[in-house]
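Written out below as structure tokens is the structure these notes cover.
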Amino acid sequence: MKPSTSSAQFVGQSTADDLMDDWVFFSTESAVSQGLEDSRDDQEAEDKGRFKDKLVSAWNSVKYGWTLKQKSKFSKRSPVFMLGKSYELKDEVDQQHFRWCFASLLWFTYRRGFRPLPGSSLTTDSGWGCVLRSSQMLLAQGLLLHLMSPGCTWSGNQRVVKDDMDLMHSVNDGFSSSERESKRSRHLSWGSILDRPVESTHRRILRWFADNPTAPFGIHRLVELGKSSGKKAGDWYGPSIAAHILRKAVEAAVVDLPNLVVYVAQDCTIYLQDVRKLCERPLPQHWKSVLILVPVRLGGQDLNPSYITSVKKLLMLECCIGIIGGKPKHSLFFVGFQDDHLLYLDPHYCQPTVDVTNNFPLESFHCKNPRKMPFSRMDPSCTIGFYAKGQMEFESLCASVNEAVSASAETYPMFIFEEGKTREEARANTPTHSVTFLQRKTQLGRVDTNNSMDEFVLL
């Protein structure tokens, strides 16, 4: 720890002038002593901060490590929908396929023991970084679709144990033992081992999210980009701010991802002209792929139940890459649902940071335990993500998503598609305080959102 400015000044003066009288010498000695005391105080404060970080990390490890071992109950009566795919759990083949596909999702959690974050002494994001970790998971899902072939699964997930889900055996699956064995043998040959190029891409994507300052989508980079939104390490990040941080991060990673852009909807509106402007390139080049992020608020302090149908329909689309959401002040990454329960990945388990410079272990980046929570507990503030590979996929996305968000006749659509481009004047004049205005026909209501996950305004 460096001595304070005042002490450094006195030390410099005493060194430069050996003829100073005794009074000046003792003054200098006193100032140096005071500087050392200040340094000790600073060191003690920093040590206390580190001890607090370790305490919070340990608490999260104990709390969420225990909950991760709990099993969510899954019914065999109803299908599970996850990111555009459906799985009939009464069918052992589908059941195993679901396990493999869930365990292949990239899982980013709190980490501890990395280099201090920008502008702070924090070496963990435990207790405050869950939205950023959920954002990493959403972006990672988009990158998997962008860089890897459909249907690829992580080879390590074959070690998933059979009791990672609590299945309610109330329905006979209708298959004999021989039929089950035949289905199982056929399925095990499908995508059971990643080839080397796929394994290499898998590791390359994980390195982009490493907990170090050079990783383009690591926690250090996201915190740095959050400064322009008035955020710093240790602050709460809402889903809407996280969407803009992801956009900036991908823009800055043009060398690694030259054919990918991110569009963030404005005022719950996807402006088609703006998206086309981002994606179009001179012939004979193809369109750039696009991640579309839509920050929305689906109610006041609680989720408006009328939107549940639309949320389900969106998670049933193959173009959907998940939802940055959660409970109030507790972010989760939603990837699917069964009946009236959301399926999610939880970032709150604190793990040691991983050195990704060599042939690093992959197990801590994958979760084998599917978890569920009721829709009724979902925070109304969230960001929904979509991916389109090219122009045809984008046009298809617009049609299918528009149909899904218009599913409920009782409320206004969650968001809309609009020809044209954003009006910069309207964006500049949009207020940013923590009150949301929700219009219901002719009535304008004021809703307090202080206990919610976000702090943006909708008209």
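Note on naming: chains are A, B, ... as they come in the structure tokens, residues start from 1 per chain, ligands start from 1 in the order shown.
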**Request:** Please identify which residues in region 166-322 of chain A DSSP calls strand (DSSP E or B) from the backbone, and express them as a list of chain:residue names.
**Result:**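 DSSP-assigned strand (DSSP E or B) residues in region 166-322 of chain A: A:Asp166, A:Leu167, A:Met168, A:Leu260, A:Val261, A:Val262, A:Tyr263, A:Val264, A:Gln266, A:Thr269, A:Ile270, A:Tyr271, A:Ser289, A:Val290, A:Leu291, A:Ile292, A:Leu293, A:Val294, A:Pro295, A:Val296, A:Arg297, A:Gly299, A:Leu303, A:Cys320, A:Ile321, A:Gly322.
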Go ahead and dump the residues you just picked, N, CA and C atoms, as an mmCIF file, in the first residue's frame.
data_model
loop_
_atom_site.group_PDB
_atom_site.id
_atom_site.type_symbol
_atom_site.label_atom_id
_atom_site.label_comp_id
_atom_site.auth_asym_id
_atom_site.auth_seq_id
_atom_site.Cartn_x
_atom_site.Cartn_y
_atom_site.Cartn_z
ATOM 1 N N ASP A 166 -36.754 -35.626 -10.013
ATOM 2 C CA ASP A 166 -37.728 -36.397 -9.264
ATOM 3 C C ASP A 166 -38.958 -36.561 -10.139
ATOM 4 N N LEU A 167 -39.054 -37.726 -10.794
ATOM 5 C CA LEU A 167 -40.164 -37.975 -11.710
ATOM 6 C C LEU A 167 -41.299 -38.676 -10.977
ATOM 7 N N MET A 168 -42.490 -38.127 -11.163
ATOM 8 C CA MET A 168 -43.657 -38.715 -10.538
ATOM 9 C C MET A 168 -44.189 -39.827 -11.433
ATOM 10 N N LEU A 260 -21.859 -11.179 -36.265
ATOM 11 C CA LEU A 260 -22.935 -11.156 -35.274
ATOM 12 C C LEU A 260 -23.145 -9.744 -34.755
ATOM 13 N N VAL A 261 -24.411 -9.330 -34.664
ATOM 14 C CA VAL A 261 -24.762 -8.030 -34.094
ATOM 15 C C VAL A 261 -25.845 -8.240 -33.032
ATOM 16 N N VAL A 262 -26.004 -7.240 -32.174
ATOM 17 C CA VAL A 262 -27.033 -7.278 -31.140
ATOM 18 C C VAL A 262 -27.930 -6.061 -31.282
ATOM 19 N N TYR A 263 -29.235 -6.306 -31.275
ATOM 20 C CA TYR A 263 -30.219 -5.225 -31.314
ATOM 21 C C TYR A 263 -31.012 -5.247 -30.018
ATOM 22 N N VAL A 264 -31.122 -4.087 -29.347
ATOM 23 C CA VAL A 264 -31.914 -3.966 -28.129
ATOM 24 C C VAL A 264 -33.163 -3.150 -28.438
ATOM 25 N N GLN A 266 -36.383 -0.772 -28.180
ATOM 26 C CA GLN A 266 -36.604 0.489 -27.488
ATOM 27 C C GLN A 266 -38.097 0.657 -27.190
ATOM 28 N N THR A 269 -40.514 -1.907 -28.350
ATOM 29 C CA THR A 269 -40.769 -1.932 -29.792
ATOM 30 C C THR A 269 -39.510 -2.383 -30.534
ATOM 31 N N ILE A 270 -39.686 -3.355 -31.430
ATOM 32 C CA ILE A 270 -38.601 -3.764 -32.327
ATOM 33 C C ILE A 270 -38.803 -3.029 -33.638
ATOM 34 N N TYR A 271 -37.925 -2.089 -33.931
ATOM 35 C CA TYR A 271 -38.018 -1.293 -35.159
ATOM 36 C C TYR A 271 -37.294 -2.047 -36.281
ATOM 37 N N SER A 289 -25.838 -12.356 -38.655
ATOM 38 C CA SER A 289 -26.742 -12.940 -37.665
ATOM 39 C C SER A 289 -27.035 -11.898 -36.590
ATOM 40 N N VAL A 290 -28.190 -12.036 -35.931
ATOM 41 C CA VAL A 290 -28.585 -11.014 -34.967
ATOM 42 C C VAL A 290 -29.169 -11.636 -33.706
ATOM 43 N N LEU A 291 -28.745 -11.088 -32.580
ATOM 44 C CA LEU A 291 -29.378 -11.356 -31.292
ATOM 45 C C LEU A 291 -30.305 -10.187 -30.989
ATOM 46 N N ILE A 292 -31.562 -10.466 -30.751
ATOM 47 C CA ILE A 292 -32.540 -9.425 -30.427
ATOM 48 C C ILE A 292 -32.896 -9.540 -28.950
ATOM 49 N N LEU A 293 -32.665 -8.477 -28.206
ATOM 50 C CA LEU A 293 -32.941 -8.453 -26.770
ATOM 51 C C LEU A 293 -34.078 -7.469 -26.509
ATOM 52 N N VAL A 294 -35.091 -7.926 -25.792
ATOM 53 C CA VAL A 294 -36.290 -7.106 -25.571
ATOM 54 C C VAL A 294 -36.533 -6.943 -24.069
ATOM 55 N N PRO A 295 -36.132 -5.813 -23.475
ATOM 56 C CA PRO A 295 -36.475 -5.555 -22.074
ATOM 57 C C PRO A 295 -37.970 -5.223 -21.961
ATOM 58 N N VAL A 296 -38.657 -5.885 -21.059
ATOM 59 C CA VAL A 296 -40.093 -5.668 -20.875
ATOM 60 C C VAL A 296 -40.416 -5.649 -19.391
ATOM 61 N N ARG A 297 -41.602 -5.148 -19.103
ATOM 62 C CA ARG A 297 -42.142 -5.224 -17.737
ATOM 63 C C ARG A 297 -43.560 -5.745 -17.840
ATOM 64 N N GLY A 299 -46.160 -6.203 -15.749
ATOM 65 C CA GLY A 299 -47.025 -5.938 -14.616
ATOM 66 C C GLY A 299 -46.452 -4.855 -13.735
ATOM 67 N N LEU A 303 -46.188 -10.099 -11.389
ATOM 68 C CA LEU A 303 -46.449 -10.494 -12.765
ATOM 69 C C LEU A 303 -47.947 -10.488 -13.040
ATOM 70 N N CYS A 320 -36.044 -18.532 -29.636
ATOM 71 C CA CYS A 320 -35.890 -17.954 -28.298
ATOM 72 C C CYS A 320 -34.657 -18.541 -27.627
ATOM 73 N N ILE A 321 -33.814 -17.688 -27.057
ATOM 74 C CA ILE A 321 -32.587 -18.147 -26.402
ATOM 75 C C ILE A 321 -32.656 -17.989 -24.887
ATOM 76 N N GLY A 322 -33.854 -17.694 -24.356
ATOM 77 C CA GLY A 322 -34.016 -17.631 -22.908
ATOM 78 C C GLY A 322 -34.444 -16.257 -22.427
#
Residues of region 113-143 of chain A at most 12 Å from region 79-98 of chain A: nearest atom pair and distance in Å, only C-alpha atoms, as CSV:
residue,atom,partner,partner_atom,distance
A:Leu138,CA,A:Leu83,CA,11.2
A:Gln141,CA,A:Leu83,CA,9.7
A:Gly142,CA,A:Leu83,CA,11.1
Resulting file, chosen residues, N, CA and C atoms, as a CSV table (one decimal), in the first residue's frame:
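File part_13.csv, as written:
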chain,number,residue,atom,x,y,z
A,138,LEU,N,-27.5,-16.2,-21.2
A,138,LEU,CA,-28.3,-15.9,-22.4
A,138,LEU,C,-27.4,-15.6,-23.6
A,141,GLN,N,-25.9,-18.9,-24.8
A,141,GLN,CA,-26.9,-19.7,-25.6
A,141,GLN,C,-27.0,-19.2,-27.1
A,142,GLY,N,-27.0,-17.9,-27.2
A,142,GLY,CA,-26.9,-17.3,-28.6
A,142,GLY,C,-25.7,-17.7,-29.3
**Item:** For CA of Lys329 (chain A) and CA of Asp379 (chain A), the interatomic separation in Å (one decimal)
**Value:**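 CA of Asp379 (chain A) lies at a distance of 8.5 Å from CA of Lys329 (chain A).
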**Request:** Work out how far apart CA of Lys389 (chain A) and CA of His366 (chain A) are and give it in Å to one decimal.
**Result:**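 CA of His366 (chain A) lies 24.8 Å from CA of Lys389 (chain A).
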**Request:** Mind listing the helix (DSSP H, G or I) residues of region 225-284 of chain A, per DSSP on the backbone, as a PyMOL selection string?
**Result:** chain A and resi 225-229+239-252+272-279
**Request:** Identify which of the residues A:Lys327, A:Lys288, A:His348, A:Arg377 lies closest to Glu393 (chain A), counting only C-alpha atoms when measuring atom-to-atom distances.
**Result:**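 The shortest atom-to-atom distance to Glu393 (chain A) comes from A:Lys288.
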**Request:** May I have the residues within 12 Å of Glu395 (chain A) as a list in words, using only C-alpha atoms and disregarding those fewer than 3 positions away in the same chain?
**Result:**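 My reading of the contact set: Leu272, Val275, Arg276, Val290, Cys319, Tyr387, Ala388, Lys389, Gly390, Gln391, Met392, Cys398, Ala399, Ser400, Val401, Asn402 and Phe417 of chain A.
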**Item:** Selected residue of minimal separation from Ala243 (chain A) among A:Thr214, A:Leu105, A:Lys368, A:Cys382, counting only C-alpha atoms
**Value:**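 When distances to Ala243 (chain A) are compared using only C-alpha atoms, the smallest one comes from A:Cys382.
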**Prompt:** Using only C-alpha atoms, which residue out of A:Trp100, A:Tyr307, A:Phe365, A:Phe334 lies closest to Pro380 (chain A)?
**Reply:** A:Tyr307
**Request:** Show which residues sit within 8 Å of Leu222 (chain A), as a ChimeraX atom specification. Count only C-alpha atoms, and ignore same-chain residues fewer than 4 positions away.
**Result:** /A:132,217-218,226,245-246,249
Output for the residues just chosen: N, CA and C atoms as a PDB file, in the first residue's frame:
ATOM      1  N   LEU A 132     -25.796 -10.158 -14.102  1.00  0.00           N
ATOM      2  CA  LEU A 132     -24.719 -10.253 -15.090  1.00  0.00           C
ATOM      3  C   LEU A 132     -24.442 -11.712 -15.443  1.00  0.00           C
ATOM      4  N   PHE A 217     -16.385 -11.234 -22.745  1.00  0.00           N
ATOM      5  CA  PHE A 217     -17.691 -11.290 -22.097  1.00  0.00           C
ATOM      6  C   PHE A 217     -17.572 -11.710 -20.631  1.00  0.00           C
ATOM      7  N   GLY A 218     -16.371 -11.575 -20.075  1.00  0.00           N
ATOM      8  CA  GLY A 218     -16.155 -11.914 -18.669  1.00  0.00           C
ATOM      9  C   GLY A 218     -16.738 -10.853 -17.750  1.00  0.00           C
ATOM     10  N   GLY A 226     -20.505  -1.369 -17.846  1.00  0.00           N
ATOM     11  CA  GLY A 226     -21.624  -0.840 -17.063  1.00  0.00           C
ATOM     12  C   GLY A 226     -21.386   0.550 -16.514  1.00  0.00           C
ATOM     13  N   ILE A 245     -25.495  -3.633 -21.916  1.00  0.00           N
ATOM     14  CA  ILE A 245     -24.113  -4.042 -21.670  1.00  0.00           C
ATOM     15  C   ILE A 245     -23.712  -5.159 -22.628  1.00  0.00           C
ATOM     16  N   LEU A 246     -24.606  -6.121 -22.850  1.00  0.00           N
ATOM     17  CA  LEU A 246     -24.312  -7.201 -23.802  1.00  0.00           C
ATOM     18  C   LEU A 246     -24.130  -6.654 -25.212  1.00  0.00           C
ATOM     19  N   ALA A 249     -20.748  -5.161 -25.452  1.00  0.00           N
ATOM     20  CA  ALA A 249     -19.699  -6.187 -25.404  1.00  0.00           C
ATOM     21  C   ALA A 249     -19.533  -6.879 -26.752  1.00  0.00           C
TER      22      ALA A 249
END
Skipping near chain neighbours, those fewer than 3 positions away, what residues fall within 8 Å of Gln351 (chain A) using only C-alpha atoms, listed as an mmCIF file with N, CA, C and O atoms, in the first residue's frame?
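Done, and the output landed in result-v1.cif:
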data_model
loop_
_atom_site.group_PDB
_atom_site.id
_atom_site.type_symbol
_atom_site.label_atom_id
_atom_site.label_comp_id
_atom_site.auth_asym_id
_atom_site.auth_seq_id
_atom_site.Cartn_x
_atom_site.Cartn_y
_atom_site.Cartn_z
ATOM 1 N N SER A 61 -22.358 -20.323 -1.093
ATOM 2 C CA SER A 61 -21.977 -21.699 -1.411
ATOM 3 C C SER A 61 -22.766 -22.690 -0.572
ATOM 4 O O SER A 61 -23.237 -23.714 -1.067
ATOM 5 N N THR A 109 -22.066 -18.891 -12.894
ATOM 6 C CA THR A 109 -22.460 -18.623 -11.516
ATOM 7 C C THR A 109 -21.519 -17.605 -10.884
ATOM 8 O O THR A 109 -20.520 -17.199 -11.481
ATOM 9 N N TYR A 110 -21.860 -17.213 -9.669
ATOM 10 C CA TYR A 110 -20.908 -16.433 -8.882
ATOM 11 C C TYR A 110 -19.560 -17.160 -8.862
ATOM 12 O O TYR A 110 -19.502 -18.396 -8.799
ATOM 13 N N ARG A 111 -18.493 -16.370 -8.886
ATOM 14 C CA ARG A 111 -17.142 -16.933 -8.747
ATOM 15 C C ARG A 111 -16.377 -16.123 -7.701
ATOM 16 O O ARG A 111 -16.694 -14.964 -7.433
ATOM 17 N N ARG A 112 -15.368 -16.740 -7.148
ATOM 18 C CA ARG A 112 -14.526 -16.066 -6.161
ATOM 19 C C ARG A 112 -13.054 -16.333 -6.490
ATOM 20 O O ARG A 112 -12.723 -17.332 -7.116
ATOM 21 N N SER A 364 -17.755 -27.413 -13.977
ATOM 22 C CA SER A 364 -18.373 -26.319 -13.217
ATOM 23 C C SER A 364 -19.137 -25.347 -14.107
ATOM 24 O O SER A 364 -19.801 -24.440 -13.601
#
**Prompt:** CA of Ile205 (chain A) and CA of Cys367 (chain A) are how many Å apart?
**Reply:** 16.7 Å
**Asked** Contacts of Arg115 (chain A) at 8 Å or less, counting only C-alpha atoms, minus same-chain residues fewer than 2 places along, as an MDAnalysis selection string?
**Response** chainID A and resid 113 117 123 211:213
Residues from the last selection, N, CA, C and O atoms, saved as a PDB file, in the first residue's frame:
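This went into part.pdb:
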ATOM      1  N   GLY A 113     -12.204 -15.383  -6.078  1.00  0.00           N
ATOM      2  CA  GLY A 113     -10.771 -15.571  -6.248  1.00  0.00           C
ATOM      3  C   GLY A 113     -10.215 -15.064  -7.555  1.00  0.00           C
ATOM      4  O   GLY A 113      -9.088 -15.400  -7.922  1.00  0.00           O
ATOM      5  N   LEU A 117     -12.017  -6.415  -9.553  1.00  0.00           N
ATOM      6  CA  LEU A 117     -12.826  -5.835 -10.613  1.00  0.00           C
ATOM      7  C   LEU A 117     -12.486  -4.363 -10.806  1.00  0.00           C
ATOM      8  O   LEU A 117     -11.971  -3.709  -9.891  1.00  0.00           O
ATOM      9  N   THR A 123     -13.020  -9.236  -5.332  1.00  0.00           N
ATOM     10  CA  THR A 123     -12.501 -10.406  -6.045  1.00  0.00           C
ATOM     11  C   THR A 123     -13.571 -11.492  -6.174  1.00  0.00           C
ATOM     12  O   THR A 123     -13.265 -12.645  -6.460  1.00  0.00           O
ATOM     13  N   ASP A 211     -13.227 -15.299 -16.052  1.00  0.00           N
ATOM     14  CA  ASP A 211     -13.197 -14.242 -15.028  1.00  0.00           C
ATOM     15  C   ASP A 211     -11.836 -13.566 -15.009  1.00  0.00           C
ATOM     16  O   ASP A 211     -11.098 -13.624 -14.018  1.00  0.00           O
ATOM     17  N   ASN A 212     -11.498 -12.915 -16.118  1.00  0.00           N
ATOM     18  CA  ASN A 212     -10.265 -12.134 -16.169  1.00  0.00           C
ATOM     19  C   ASN A 212     -10.486 -10.918 -17.074  1.00  0.00           C
ATOM     20  O   ASN A 212     -11.402 -10.903 -17.904  1.00  0.00           O
ATOM     21  N   PRO A 213      -9.682  -9.873 -16.933  1.00  0.00           N
ATOM     22  CA  PRO A 213      -9.921  -8.610 -17.649  1.00  0.00           C
ATOM     23  C   PRO A 213      -9.827  -8.707 -19.166  1.00  0.00           C
ATOM     24  O   PRO A 213     -10.343  -7.827 -19.865  1.00  0.00           O
TER      25      PRO A 213
END
**Item:** Residue nearest Ser381 (chain A) among A:Val131, A:Val250, A:Met137, A:Leu145 (counting only C-alpha atoms)
**Value:**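 Ranking A:Val131, A:Val250, A:Met137, A:Leu145 by distance to Ser381 (chain A), first place goes to A:Val131.
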